[in-house]
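Worksheet: one structure, shown below.
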Amino acid sequence: MMEAISERAAKQFDVENVRRDFSVLERKINGHALCYLDNAATSQRPKAVVDAVVESLTWSNANIHRAIHTLGYEATVAYEEAHKKVARFINAKSWREIVFVRNATEALNLVAGSWGAANLRAGDEVVVTIMEHHSNIVPWQLLAARLGFELKFIPVTPDGILDLDAAAKLITRKTKLVGAVHASNVLGAINPVEKLREMARSVGARFLLDGAQSIPHMAVDVRALDCDFFAASGHKMCGPTGIGFLYAKKELLDGMPPFLGGGDMIATVTTNGSTWNELPWKFEAGTSAVAEGIGMGAAVDYLSNIGMNSLFEYERELGGYVLEKLRALPYVTLYGHKRGESLAVFSLNVEGVHPHDGANLLDRLGIAVRSGHHCAQPLMNVLGMDNTLRASFYFYNTREEADRLVHALGELKRVFDR
C-alpha cells in the first residue's frame, strides 16, 4: 500500500515545475549542467526566498523593537510574523516557543548553556546517540567537563540503526536528558524518536531532538513528538544561512536563564541588576538577523505551499530509485539503508578512490557532493572509516540526476583503476 501511495505522490509532484524556482539549477559547472547533491550540507534557495530577503533589505531595512518610525515598524512586524510562520509549520502551541538563532548548532548550545548549566550536576547523566552531529556532542562535553556529569552514547547496530535494547540499559534514573538526531546526516536513517522519548519520560528525563536534517524533508509536529527541545537550521530547508530556530516548551523557556546578555533581551537594567524581556526575546540578544529571519519565514511559506507530505513521498520514491542503482554497483560500499525508513542521503565509498579525490572528479563532471567526516566523527569511527562521499537529494532533484551520479561513479572507478 505504501508503494502505491509513494508512486502516486511521485506522479503528482511536478519536479520540473519546481526546478524553475531555483535559478542556480540552470548553471553550468565545467561545461556540464549542475547536478546539486549536497543538500544535507545546505539546500538551494527558491526565488521567493531570495526576493523576500532582497525586499526586506531594500525597502524595510531597520532595527526591530527599537523605533516607532515606519521602517522599524515594518521590519518588526515581518520578523515577528516569521516566528509565527515557523510555529505554525511545526505545530507549536505558541509562537513564543520559537527562538531565532544562527543555526541548529547555536540552538543546541543554547539548550546546553542555559537549561543544562542550570539543571545538571555531578552524578547526572546525559544520553545521546552515536549518530549525533558534533553540534549535539561537543556542547555537552564542554558542560560535562565543568559540571562533572556523565555523557553516554547509544550505539548503532551493524545495520546502521539505533540499538534500542542498548538505549534501554543506558537510560537510567540518573539520566536528566536524552538527545537524538531526528534523521542522520550520514546514514539518512530516520530514528525511532517516539520510542526514545518514552524511554526518557519513564525516568523523568527531558527529550531533545536535532531536527536539522528532518525538517527539510518531512512534516514535523512538535506536539505529537512531545519533545522538550527541537533545533533546526534555516539554510537546510530552503532558507538563508545565518538563521535557525530553537523550539522549546514555554514552561521550560520561562525557567531557563538567558544565554546571552545585551540589548533587547532585557526588561530593565540598573546598576544593581537586570530583569528579562518576554519570550522569545529573552533569548534573542542584540540586533537580530532580520532579513534572514524574514527569509526563513518565506522558506516555510514555500515548503508549506508544496506540501511536506507530497515532498516526502516524492523523495521517498526517488531515494528508492537511487538505492536500487547504488546497490547494483559492486565497487561501491554503501553505509546504512539496510533496515528502517531513511532519507535520500547516501554515504558511500568507491573501491580504490579516496573520497576527496572522488568529489574533485565528480565536480569536474558538474556533480556537487560532499566528502569528509560530515561532522560525525564518532559515527564514522564506528563504521570503520575516516571519510566518505555523500550524495544527498532534495525535492528538486530528479531520476536523471541519479543516473548521472551512478554513471559518474563508474567513471571514477575506471579512472582510478588505470
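Here, A, B, ... name the chains of the C-alpha cells in the order displayed, residue numbers run from 1 inside each chain, and ligands are numbered from 1 in the same displayed order.
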Exercise. Among region 5-150 of chain A, which ones does DSSP place in alpha helix (DSSP H), written as JSON, numbers by chain?
Worked result: {"A": [5, 6, 7, 8, 9, 10, 11, 12, 15, 16, 17, 18, 19, 47, 48, 49, 50, 51, 52, 53, 54, 55, 56, 57, 58, 59, 70, 71, 72, 73, 74, 75, 76, 77, 78, 79, 80, 81, 82, 83, 84, 85, 86, 87, 88, 89, 90, 104, 105, 106, 107, 108, 109, 110, 117, 118, 119, 138, 139, 140, 141, 142, 143, 144, 145, 146, 147]}
Problem set entry | Shell around region 163-170 of chain A at 10 Å using only C-alpha atoms, local window under 5 positions removed, as a PyMOL selection string | chain A and resi 125-129+152-158+175+178+192+195-196+199-200
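When CA of Ser347 (chain A) is paired with CA of Leu389 (chain A), their separation reads 5.6 Å.
Non-sequential neighbours of Leu334 (chain A) (distance at most 9 Å, separation of 5 or more positions within a chain, only C-alpha atoms) are Leu326, Arg327, Phe346, Ser347, Leu348, Asn349 and Val350 of chain A.
Here CA of Leu323 (chain A) and CA of Asp386 (chain A) stand 22.5 Å from one another.
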Problem set entry | Residues near Phe416 (chain A), cut-off 9 Å, only C-alpha atoms, skip fewer than 3 positions along chain, as a PyMOL selection string | chain A and resi 352-353+411-413
For this session: Pick out the residues sitting within 6 Å of region 354-360 of chain A, and hand them over as a PyMOL selection string; count only C-alpha atoms, and ignore anything fewer than 2 positions along from it in its own chain.
Result: chain A and resi 362-363+371+388-389
Env of Phe312 (chain A): 9 Å cut, atoms = only C-alpha atoms, seq-sep filter 2 positions within chain, self excluded. Answer as a compact mmCIF listing (two decimals) with C-alpha atoms, in the first residue's frame.
# COMPACT_ATOMS: atom_id res chain seq x y z
CA SER A 6 4.54 6.73 -2.99
CA ALA A 9 2.64 11.07 -4.99
CA HIS A 217 12.15 16.61 4.24
CA MET A 218 9.18 15.59 6.39
CA ALA A 219 6.24 17.05 8.26
CA GLY A 307 3.11 20.28 0.96
CA MET A 308 5.53 18.39 3.18
CA ASN A 309 3.74 15.07 2.74
CA SER A 310 3.93 15.31 -1.06
CA TYR A 314 8.43 12.20 -3.87
CA GLU A 315 11.80 11.98 -2.13
CA ARG A 316 10.92 8.54 -0.80
CA GLU A 317 10.30 7.28 -4.33
CA LEU A 343 16.01 9.91 3.80
CA PHE A 395 12.78 17.56 -3.81
Problem set entry | Surrounding residues of region 50-59 of chain A excluding itself and chain neighbours under 3 positions, 8 Å, only C-alpha atoms, as a PyMOL selection string | chain A and resi 45-47+71+75+291-292+294-295+298
